[in-house]
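Engineer: Questions regarding the structure given below will be posed in turn.
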Protein chains: 2
Amino acid sequence: MQVDRARIELERRLGPSRVLTSPDACAAYARDDSDVEGRLPAAVVVAASTADVAATLEIAERFGVPVTPRAGGTGRTGGAVPMEGGIVLATHALARIKEIDRQNLIAVVEPGVVTGALHAVVEAEGLFYAPDPNSLESCMIGGNLAENAGGPRVFKYGPTRDWVLGLEACLMGGRVVRTGKRTVKGVTGYDVTSLLVGSEGTLAVFTEATLRLVPRPASIATALVLFSDVRAAARGVGAIVAAGIVPRCLEMLDAATLGAVRAAGVGVDERAGAMLLVEVDGDAAEPALLRVGEVATATPGCLDVVVAQDAAQRDRLWAARRMLSRATRKLAKHKLSEDIVVPRSRIADLLARMDDIGRETGVRHLSYGHAGDGNLHVNFLWDDAAERPAVDRAILRLMQATVELGGTLTGEHGIGVTKAAYLPLEQSEALIALQQDVKRVFDPRGLLNPGKIFPAGGHRAC
Amino acid sequence: MQVDRARIELERRLGPSRVLTSPDACAAYARDDSDVEGRLPAAVVVAASTADVAATLEIAERFGVPVTPRAGGTGRTGGAVPMEGGIVLATHALARIKEIDRQNLIAVVEPGVVTGALHAVVEAEGLFYAPDPNSLESCMIGGNLAENAGGPRVFKYGPTRDWVLGLEACLMGGRVVRTGKRTVKGVTGYDVTSLLVGSEGTLAVFTEATLRLVPRPASIATALVLFSDVRAAARGVGAIVAAGIVPRCLEMLDAATLGAVRAAGVGVDERAGAMLLVEVDGDAAEPALLRVGEVATATPGCLDVVVAQDAAQRDRLWAARRMLSRATRKLAKHKLSEDIVVPRSRIADLLARMDDIGRETGVRHLSYGHAGDGNLHVNFLWDDAAERPAVDRAILRLMQATVELGGTLTGEHGIGVTKAAYLPLEQSEALIALQQDVKRVFDPRGLLNPGKIFPAGGHRAC
């Protein structure tokens with residue numbers, strides 16, 4: 001077996017301690033935080049250096065063995081699941097923050113750095129790294145790069161890609177390239193950095209990233225705004241944006257989500273059928289939040305504005321927001337969270353379509369998410385495995401509605417395995433073929449993270 | 001001749017009025033705003049639709065004829081010069097602003113829209129499109145996309161790429177693809193949009209762009225800060241950034257540039273050997289500018305802070321900044337402007353190296369530019385063609401110093417023809433080869449804008 005020969009060669013080159021092969025050890029690398037069925041790899045390489053990563057990709061190519069890169073393993077679409085077995089290439093042990101350059105507002109980090117840990121280190125220096133995926137206490141920069149991760153603060157600050165100046169990456173066959181720069185500006189050659197960020201581990205494996213930082217915002221102000229229903233809340237979002245205010249976060253919770261919040265013991269006015277969590281930062285956050293309050297209060301259907309009085313109260317609001325993913329998981333035996341995006345003005349339309357879809361398929365659902373960006377986590381809930389075909393019909397209908405409303409299939413989770421079949425709904429055959437041609441430049445034999453992004457069996461419409 | 005057959009087919013398909021062939025008409029498309037020697041194309045297609053662009057690329061590929069895309073023709077590195085003759089594909093007549101969507105903060109535009117005209121239209125709606133290349137009164141969005149154009153406001157707002165959500169583009173052979181999305185968030189597939197932006201017309205020809213807008217900043221405040229010399233001014237830049245202030249513009253002028261400004265009749269304190277032009281915007285621009293003033297005044301070598309009292313005075317300051325390119329051109333018969341970038345903290349080092357280079361090569365030079373980004377326009381001046389070899393030695397030395405200081409060859413002009421030979425100074429052979437492989441995916445026969453970006457004759461080090 002080629003995979004056994006690859007394993008023997010990996011042990012010889014990297015030392016046996018870096019190559020896990022027992023089923024018990026490998027089991028921890030079989031799946032991610034999606035509902036994609038796990039698959040046991042034949043071996044796991046725990047890389048301790050760029051050279052380890054390069055050697056693994058050289059050996060894998062030589063023996064024709066698939067490789068699935070992995071950082072924190074917190075992905076939501078199966079990106080780190082080794083769909084064809086082979087080798088999992090784990091980068092969590094490459095976890096150094098190599099440099100914080102205060103003068104040039106740059107951090108140089110390895111892929112295994114936990115995102116929340118990076119926040120803590122740069123904020124202690126008076127600096128700020130904005131991307132804040134919900135899993136920030138456990139997800140890692142490597143995965144954030146692979147998925148172009150988002151989070152609530154994307155509304156003002158942009159996703160991970162906007163924070164990456166340069167990369168060190170290993171390509172199949174073991175070539176190491178450095179892309180990009182250490183400066184914000186720079187237009188030398190093609191933007192290979194942006195091409196690699198968000199490529200879901202299918203083009204290269206990251207070993208270092210040069211990240212942009214900004215000064216830590218001088219002040220932050222946070223408020224909850226309660227509305228009678230989501231349509232009113234969507235109007236509130238539109239009114240805040242139309243007023244020229246750019247909050248750093250503009251999060252929405254629908255009625256069913258508020259129900260889950262109440263069930264988790266957080267008191268929320270019973271009249272409220274939707275809620276916005278608004279956070280403003282900058283030199284003058286409080287006056288800006290006051291304006292948010294004025295605009296929101298003038299929106300028909302607004303019930304109340306509750307301003308966080310201090311950092312502790314703000315932390316409690318965010319703790320409630322961050323626990324939504326877990327709290328809603330308790331509502332049913334199975335939960336599946338999508339992350340579609342529609343133009344901001346179509347949020348209410350999308351939620352109305354979801355009500356239709358729920359009625360017609362009989363599938364329970366709730367929605368919350370980054371309303372400022374039009375990026376909603378539509379969650380499907382079911383208890384009985386027999387309901388799964390109905391859930392799949394509902395997901396397909398959601399994806400169709402999203403594209404019809406001018407939206408996109410995924411705002412921050414990536415396509416991965418779970419959404420690959422829907423790709424032709426959004427992208428033309430020509431664009432998909434072009435991307436597959438680009439993929440072949442990086443990975444001619446299709447060994448790097450196979451089974452991700454592209455629909456199986458060519459450009460099949462679903 | 002294949003080019004004649006292509007021309008006949010173009011005239012048949014597009015109508016003769018869209019295909020210019022007389023030497024007089026073609027002469028206007030032979031060069032751009034660089035010192036690259038012009039080259040007469042065999043024909044110029046003035047496209048009036050996406051279909052025209054697609055047909056041209058289909059016919060050019062069929063007959064094996066090179067195609068050079070062109071929008072405003074204001075580029076500084078030869079990007080629009082038809083190095084191998086063939087067809088110039090002009091997109092300036094595709095000049096519609098198709099949509100301004102206030103609710104979703106989006107503009108949909110064609111490539112022939114003049115950048116300054118777009119500014120005027122969106123600002124009248126209370127919106128803002130930040131990229132502001134110096135040539136904004138004549139450059140066009142198509143060229144801005146091709147070069148990933150910058151401008152003073154990049155420091156706060158990022159370059160053109162950060163403002164592009166989606167594209168319609170035509171590929172060699174005539175395929176039309178739509179990339180990206182109408183939402184800020186969205187991670188479906190590879191970021192083909194970012195790959196195309198900044199590809200200098202070598203991968204695709206743009207026919208439409210979906211651009212991100214933001215609310216127009218509520219207030220703007222502008223000041224000049226005079227310093228004894230550039231080292232002091234560079235310290236001022238560092239101090240402003242270290243204070244956590246993010247001006248939208250942070251421009252620097254060195255002593256020789258100030259001399260040109262004075263020669264053009266603008267009064268500047270004779271003691272000043274360097275100047276910063278600082279502009280702050282946002283909800284509270286004036287308090288922020290006051291802080292800039294305090295920080296600057298506390299910097300050793302600061303001579304004076306002059307705050308613009310009203311919009312008219314601000315416009316005069318910017319008019320003086322914008323005329324620099326022309327004013328400095330009068331200082332010698334020949335002028336060549338580079339646009340290197342170094343990490344902000346290395347600006348003073350780079351300028352010191354330039355003094356050495358000037359002394360050793362005997363070439364006159366002056367520098368100004370976007371100091372906040374570390375992006376300096378180093379200008380070389382000479383009168384006698386016999387000095388050109390010394391100028392070329394000075395440019396090579398500048399590029400070497402830039403890379404040694406952790407910088408990049410070009411911040412906003414692109415590599416084009418003029419910097420192609422220097423690419424291997426900054427990028428590895430592996431990265432250059434990878435980009436050429438990507439180029440072949442889009443343009444297997446190398447017909448689209450040949451002679452740009454990549455050094456002639458493979459990966460030759462210079």
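Quick note on naming: the chains in the structure tokens go A, B, ... in the order shown, residues restart at 1 in each chain, and ligands are numbered from 1 in order of appearance.
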Could you pull the residues within 8 Å of Asp35 in chain A, counting only C-alpha atoms, minus those fewer than 5 positions along the same chain, as number ranges by chain?

Structural biologist: A: 76-78, 336

Engineer: Write out, as a JSON list (two decimals), in the first residue's frame, the residues just selected, with N, CA and C atoms.

Structural biologist:
```json
[["chain", "number", "residue", "atom", "x", "y", "z"],
["A", 76, "ARG", "N", -16.96, 24.27, 10.28],
["A", 76, "ARG", "CA", -18.38, 23.90, 10.28],
["A", 76, "ARG", "C", -18.85, 23.24, 8.99],
["A", 77, "THR", "N", -17.94, 23.01, 8.05],
["A", 77, "THR", "CA", -18.38, 22.46, 6.76],
["A", 77, "THR", "C", -17.58, 21.23, 6.33],
["A", 78, "GLY", "N", -16.84, 20.64, 7.27],
["A", 78, "GLY", "CA", -16.11, 19.41, 6.93],
["A", 78, "GLY", "C", -14.75, 19.64, 6.33],
["A", 336, "LEU", "N", -28.33, 21.98, 12.47],
["A", 336, "LEU", "CA", -27.40, 22.28, 11.38],
["A", 336, "LEU", "C", -27.48, 23.78, 11.12]]
```

Engineer: If you run DSSP over the backbone, which residues in range 119-360 of chain B end up helix (DSSP H, G or I)? Put them as JSON, numbers by chain.

Structural biologist: {"B": [119, 120, 121, 122, 123, 124, 141, 142, 143, 144, 145, 146, 147, 154, 155, 156, 157, 160, 161, 162, 163, 192, 193, 194, 195, 196, 230, 231, 232, 233, 234, 235, 236, 237, 238, 239, 240, 241, 242, 255, 256, 257, 258, 259, 260, 261, 262, 263, 285, 286, 287, 288, 289, 290, 291, 292, 293, 294, 295, 296, 297, 311, 312, 313, 314, 315, 316, 317, 318, 319, 320, 321, 322, 324, 325, 326, 327, 328, 329, 344, 345, 346, 347, 348, 349, 350, 351, 352, 353, 354, 355, 356, 357, 358, 359, 360]}

Engineer: Which residue out of B:Ala327, B:Leu423, B:Val214, B:His413 has the minimum interatomic distance to Pro133 in chain B when only C-alpha atoms are used?

Structural biologist: B:His413

Engineer: Would you list which chain B residues are within 7 Å of chain A using only C-alpha atoms, as JSON, numbers by chain?

Structural biologist: {"B": [103, 104, 148, 177, 181, 182, 183, 184, 185, 186, 187, 188, 189, 190, 191, 192, 194, 195, 198, 199, 215, 238, 242, 244, 341, 342, 343, 344, 345, 373, 406, 407, 408, 409, 410, 411, 412, 414, 415, 430, 431, 435, 437, 438, 441, 453]}

Engineer: Take the residues just selected and output them with C-alpha atoms as a short mmCIF file (atom, residue, chain, number, x, y, z; two decimals), in the first residue's frame.

Structural biologist:
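Result written to result-v4.cif:
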```cif
data_model
loop_
_atom_site.label_atom_id
_atom_site.label_comp_id
_atom_site.auth_asym_id
_atom_site.auth_seq_id
_atom_site.Cartn_x
_atom_site.Cartn_y
_atom_site.Cartn_z
CA GLN B 103 -29.51 50.55 1.03
CA ASN B 104 -26.76 48.05 0.41
CA ASN B 148 -5.10 47.85 -7.86
CA VAL B 177 -17.29 35.06 -16.02
CA LYS B 181 -20.76 38.85 -4.90
CA ARG B 182 -22.95 41.84 -4.06
CA THR B 183 -22.28 41.55 -0.34
CA VAL B 184 -19.19 42.45 1.68
CA LYS B 185 -19.13 39.02 3.23
CA GLY B 186 -18.96 35.86 1.17
CA VAL B 187 -16.43 33.04 0.98
CA THR B 188 -17.84 30.86 -1.79
CA GLY B 189 -14.93 29.34 -3.72
CA TYR B 190 -11.56 30.91 -4.41
CA ASP B 191 -11.19 34.68 -4.37
CA VAL B 192 -10.95 35.01 -8.14
CA SER B 194 -8.89 39.53 -5.77
CA LEU B 195 -6.74 37.51 -8.15
CA GLY B 198 -4.09 44.00 -9.78
CA SER B 199 -3.32 41.45 -12.50
CA PRO B 215 -21.30 56.49 4.26
CA GLY B 238 5.75 57.26 13.70
CA ALA B 242 1.94 55.30 17.82
CA GLY B 244 -3.34 55.41 17.87
CA VAL B 341 7.01 50.81 -0.24
CA VAL B 342 8.96 50.17 2.96
CA PRO B 343 7.69 49.42 6.45
CA ARG B 344 6.71 52.76 7.96
CA SER B 345 9.53 52.65 10.50
CA ASP B 373 1.79 53.51 4.14
CA GLY B 406 11.54 44.66 4.07
CA GLY B 407 9.63 46.57 1.41
CA THR B 408 8.02 45.95 -1.94
CA LEU B 409 8.79 47.24 -5.44
CA THR B 410 5.49 48.94 -6.13
CA GLY B 411 2.71 50.32 -3.98
CA GLU B 412 0.23 51.41 -6.62
CA GLY B 414 2.13 47.99 -10.75
CA ILE B 415 5.11 46.15 -12.23
CA ALA B 430 9.13 29.42 -7.16
CA LEU B 431 6.59 32.22 -6.62
CA GLN B 435 2.19 33.01 -11.02
CA ASP B 437 1.43 28.84 -14.23
CA VAL B 438 -1.70 30.70 -13.06
CA VAL B 441 -4.68 28.86 -16.94
CA ILE B 453 4.90 41.79 -14.95
#
```

Engineer: At what distance in Å, to one decimal, does CA of Glu208 in chain A lie from CA of Thr91 in chain A?

Structural biologist: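 Value for the CA of Thr91 in chain A-CA of Glu208 in chain A distance: 10.4 Å.
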
Engineer: Report as a list in words all protein, DNA and RNA residues lying within 6 Å of range 10-20 of chain A, evaluated on only C-alpha atoms, omitting residues in the same chain fewer than 3 positions from it.

Structural biologist: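 Near range 10-20 of chain A, the qualifying residues are Arg7, Ala43, Val44, Val45 and Val46 of chain A.
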
Engineer: What does the file look like for those residues with all heavy atoms, as a PDB file, in the first residue's frame?

Structural biologist:
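Result file is result22.pdb:
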```pdb
ATOM      1  N   ARG A   7       3.924   6.413   5.131  1.00  0.00           N
ATOM      2  CA  ARG A   7       4.014   6.487   6.591  1.00  0.00           C
ATOM      3  C   ARG A   7       5.429   6.129   7.056  1.00  0.00           C
ATOM      4  O   ARG A   7       6.025   6.805   7.908  1.00  0.00           O
ATOM      5  CB  ARG A   7       2.979   5.536   7.203  1.00  0.00           C
ATOM      6  CG  ARG A   7       2.879   5.590   8.709  1.00  0.00           C
ATOM      7  CD  ARG A   7       1.829   4.640   9.250  1.00  0.00           C
ATOM      8  NE  ARG A   7       1.890   3.299   8.682  1.00  0.00           N
ATOM      9  CZ  ARG A   7       2.857   2.398   8.917  1.00  0.00           C
ATOM     10  NH1 ARG A   7       3.855   2.695   9.726  1.00  0.00           N
ATOM     11  NH2 ARG A   7       2.823   1.212   8.339  1.00  0.00           N
ATOM     12  N   ALA A  43      -2.630   8.074   8.925  1.00  0.00           N
ATOM     13  CA  ALA A  43      -1.573   8.639   9.761  1.00  0.00           C
ATOM     14  C   ALA A  43      -1.856  10.116   9.977  1.00  0.00           C
ATOM     15  O   ALA A  43      -2.518  10.759   9.164  1.00  0.00           O
ATOM     16  CB  ALA A  43      -0.210   8.466   9.096  1.00  0.00           C
ATOM     17  N   VAL A  44      -1.362  10.620  11.115  1.00  0.00           N
ATOM     18  CA  VAL A  44      -1.445  12.050  11.408  1.00  0.00           C
ATOM     19  C   VAL A  44      -0.024  12.556  11.621  1.00  0.00           C
ATOM     20  O   VAL A  44       0.711  12.001  12.441  1.00  0.00           O
ATOM     21  CB  VAL A  44      -2.285  12.309  12.680  1.00  0.00           C
ATOM     22  CG1 VAL A  44      -2.257  13.801  13.032  1.00  0.00           C
ATOM     23  CG2 VAL A  44      -3.710  11.821  12.489  1.00  0.00           C
ATOM     24  N   VAL A  45       0.358  13.579  10.865  1.00  0.00           N
ATOM     25  CA  VAL A  45       1.645  14.231  11.100  1.00  0.00           C
ATOM     26  C   VAL A  45       1.395  15.449  11.970  1.00  0.00           C
ATOM     27  O   VAL A  45       0.576  16.307  11.618  1.00  0.00           O
ATOM     28  CB  VAL A  45       2.306  14.663   9.778  1.00  0.00           C
ATOM     29  CG1 VAL A  45       3.542  15.517  10.051  1.00  0.00           C
ATOM     30  CG2 VAL A  45       2.661  13.442   8.935  1.00  0.00           C
ATOM     31  N   VAL A  46       2.078  15.525  13.112  1.00  0.00           N
ATOM     32  CA  VAL A  46       2.004  16.713  13.966  1.00  0.00           C
ATOM     33  C   VAL A  46       3.262  17.524  13.676  1.00  0.00           C
ATOM     34  O   VAL A  46       4.334  17.259  14.230  1.00  0.00           O
ATOM     35  CB  VAL A  46       1.894  16.330  15.452  1.00  0.00           C
ATOM     36  CG1 VAL A  46       1.799  17.591  16.306  1.00  0.00           C
ATOM     37  CG2 VAL A  46       0.670  15.437  15.679  1.00  0.00           C
TER      38      VAL A  46
END
```

Engineer: Determine, counting only C-alpha atoms, which protein, DNA and RNA residues have an atom within 10 Å of an atom of range 221-223 of chain A; residues of the same chain fewer than 3 positions away are not included. Present the result as a ChimeraX atom specification.

Structural biologist: /A:226,247-250,276-282,284-290,292-293,305-311,313-315,317-318

Engineer: When you look at Arg70 in chain A with a cut-off of 10 Å (counting only C-alpha atoms), what residues show up, excluding the ones that are within fewer than 4 positions of it in the same chain? I need them as a list in words.

Structural biologist: Tyr29, Asp32, Val44, Val46, Thr74, Gly75, Gly79, Ala80, Val81, Pro82, Val88, Leu89, Ala90, Thr91, His92, Pro111, Gly112, Met140, Gly142, Gly143, Ala146, Gly201, Val205 and Asn449 of chain A

Engineer: Go ahead and write the residues just picked, N, CA, C and O atoms, as a CSV table (one decimal), in the first residue's frame.

Structural biologist:
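Saved the output as result_23.csv:
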```csv
chain,number,residue,atom,x,y,z
A,29,TYR,N,-8.6,13.0,14.9
A,29,TYR,CA,-8.4,13.8,13.7
A,29,TYR,C,-9.4,13.4,12.6
A,29,TYR,O,-9.1,13.7,11.4
A,32,ASP,N,-14.5,17.2,12.2
A,32,ASP,CA,-14.4,18.6,12.6
A,32,ASP,C,-15.7,18.9,13.3
A,32,ASP,O,-16.5,18.1,13.8
A,44,VAL,N,-1.4,10.6,11.1
A,44,VAL,CA,-1.4,12.1,11.4
A,44,VAL,C,0.0,12.6,11.6
A,44,VAL,O,0.7,12.0,12.4
A,46,VAL,N,2.1,15.5,13.1
A,46,VAL,CA,2.0,16.7,14.0
A,46,VAL,C,3.3,17.5,13.7
A,46,VAL,O,4.3,17.3,14.2
A,74,THR,N,-12.1,23.2,14.2
A,74,THR,CA,-13.4,23.8,14.6
A,74,THR,C,-14.3,24.2,13.5
A,74,THR,O,-15.3,24.8,13.7
A,75,GLY,N,-13.9,23.8,12.2
A,75,GLY,CA,-14.7,24.2,11.1
A,75,GLY,C,-16.1,23.6,11.0
A,75,GLY,O,-16.3,22.6,11.6
A,79,GLY,N,-14.3,20.9,6.4
A,79,GLY,CA,-13.0,21.2,5.7
A,79,GLY,C,-11.8,20.4,6.2
A,79,GLY,O,-10.9,20.1,5.4
A,80,ALA,N,-11.8,20.0,7.5
A,80,ALA,CA,-10.7,19.3,8.0
A,80,ALA,C,-10.9,17.7,8.1
A,80,ALA,O,-10.1,17.0,8.7
A,81,VAL,N,-12.0,17.3,7.5
A,81,VAL,CA,-12.3,15.9,7.5
A,81,VAL,C,-11.6,15.2,6.4
A,81,VAL,O,-11.7,15.6,5.2
A,82,PRO,N,-10.7,14.2,6.7
A,82,PRO,CA,-10.0,13.5,5.6
A,82,PRO,C,-10.8,12.6,4.8
A,82,PRO,O,-10.9,11.4,5.0
A,88,VAL,N,-3.5,13.1,7.7
A,88,VAL,CA,-3.9,14.5,8.3
A,88,VAL,C,-2.6,15.2,8.6
A,88,VAL,O,-1.8,14.6,9.4
A,89,LEU,N,-2.5,16.4,8.1
A,89,LEU,CA,-1.3,17.2,8.4
A,89,LEU,C,-1.7,18.3,9.4
A,89,LEU,O,-2.3,19.3,9.1
A,90,ALA,N,-1.4,18.1,10.7
A,90,ALA,CA,-1.8,18.9,11.8
A,90,ALA,C,-0.8,20.0,12.1
A,90,ALA,O,0.4,19.7,12.2
A,91,THR,N,-1.3,21.3,12.1
A,91,THR,CA,-0.3,22.4,12.3
A,91,THR,C,-0.5,23.1,13.7
A,91,THR,O,0.0,24.2,13.9
A,92,HIS,N,-1.3,22.4,14.6
A,92,HIS,CA,-1.6,23.1,15.9
A,92,HIS,C,-0.3,23.3,16.7
A,92,HIS,O,-0.3,24.2,17.6
A,111,PRO,N,0.5,29.0,12.3
A,111,PRO,CA,-1.0,28.7,12.1
A,111,PRO,C,-1.6,28.1,13.3
A,111,PRO,O,-2.9,28.1,13.4
A,112,GLY,N,-0.9,27.6,14.3
A,112,GLY,CA,-1.5,27.0,15.5
A,112,GLY,C,-1.8,28.0,16.6
A,112,GLY,O,-2.3,27.5,17.6
A,140,MET,N,-8.0,28.3,15.4
A,140,MET,CA,-6.6,28.7,15.2
A,140,MET,C,-6.5,29.5,13.9
A,140,MET,O,-7.3,29.4,13.0
A,142,GLY,N,-4.5,29.3,11.5
A,142,GLY,CA,-4.4,28.5,10.3
A,142,GLY,C,-5.8,28.2,9.6
A,142,GLY,O,-6.0,28.3,8.4
A,143,GLY,N,-6.7,27.8,10.5
A,143,GLY,CA,-8.1,27.5,10.0
A,143,GLY,C,-8.8,28.8,9.6
A,143,GLY,O,-9.5,28.8,8.6
A,146,ALA,N,-7.6,29.5,6.2
A,146,ALA,CA,-8.1,28.6,5.2
A,146,ALA,C,-9.6,28.9,4.9
A,146,ALA,O,-10.0,28.8,3.7
A,201,GLY,N,-7.8,25.0,2.4
A,201,GLY,CA,-6.8,23.9,2.5
A,201,GLY,C,-6.6,23.1,1.2
A,201,GLY,O,-6.0,22.1,1.2
A,205,VAL,N,-0.6,24.7,2.3
A,205,VAL,CA,-0.7,24.6,3.8
A,205,VAL,C,0.1,25.7,4.4
A,205,VAL,O,1.3,25.9,4.1
A,449,ASN,N,-6.4,18.0,0.3
A,449,ASN,CA,-7.8,18.2,0.8
A,449,ASN,C,-8.8,17.8,-0.3
A,449,ASN,O,-9.7,18.7,-0.6
```

Engineer: When you draw a straight line from CA of Ala260 in chain B to CA of Leu303 in chain B, how long is it in Å?

Structural biologist: 19.7 Å

Engineer: Out of range 229-385 of chain A, which residues get strand (DSSP E or B) from DSSP, as a ChimeraX atom specification?

Structural biologist: /A:249-253,274-282,302-307,334-337,340-341,364-370,375-382

Engineer: Considering only C-alpha atoms, return as a list in words whatever protein or nucleic-acid residues lie within 8 Å of Ala209 in chain A, sequence-local ones (same chain, fewer than 3 positions apart) excluded.

Structural biologist: Val108, Val109, Glu110, Pro111, Val164, Leu165, Gly166, Leu167, Glu168 and Phe206 of chain A

Engineer: Give me, as an MDAnalysis selection string, all polymer residues having an atom no more than 10 Å from Tyr129 in chain B, counting only C-alpha atoms and skipping those fewer than 4 positions away in the same chain.

Structural biologist: chainID B and resid 105:107 115:116 118:123 157 160 163 211:216

Engineer: When you count only C-alpha atoms, which of these residues is closest to Arg31 in chain B: B:Val417, B:Ala401, B:Ala55, B:Val268?

Structural biologist: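 Closest to Arg31 in chain B of all the choices is B:Val417.
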
Engineer: By how many Å are CA of Leu331 in chain A and CA of Trp382 in chain A apart?

Structural biologist: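 For CA of Leu331 in chain A relative to CA of Trp382 in chain A, the distance reads 8.7 Å.
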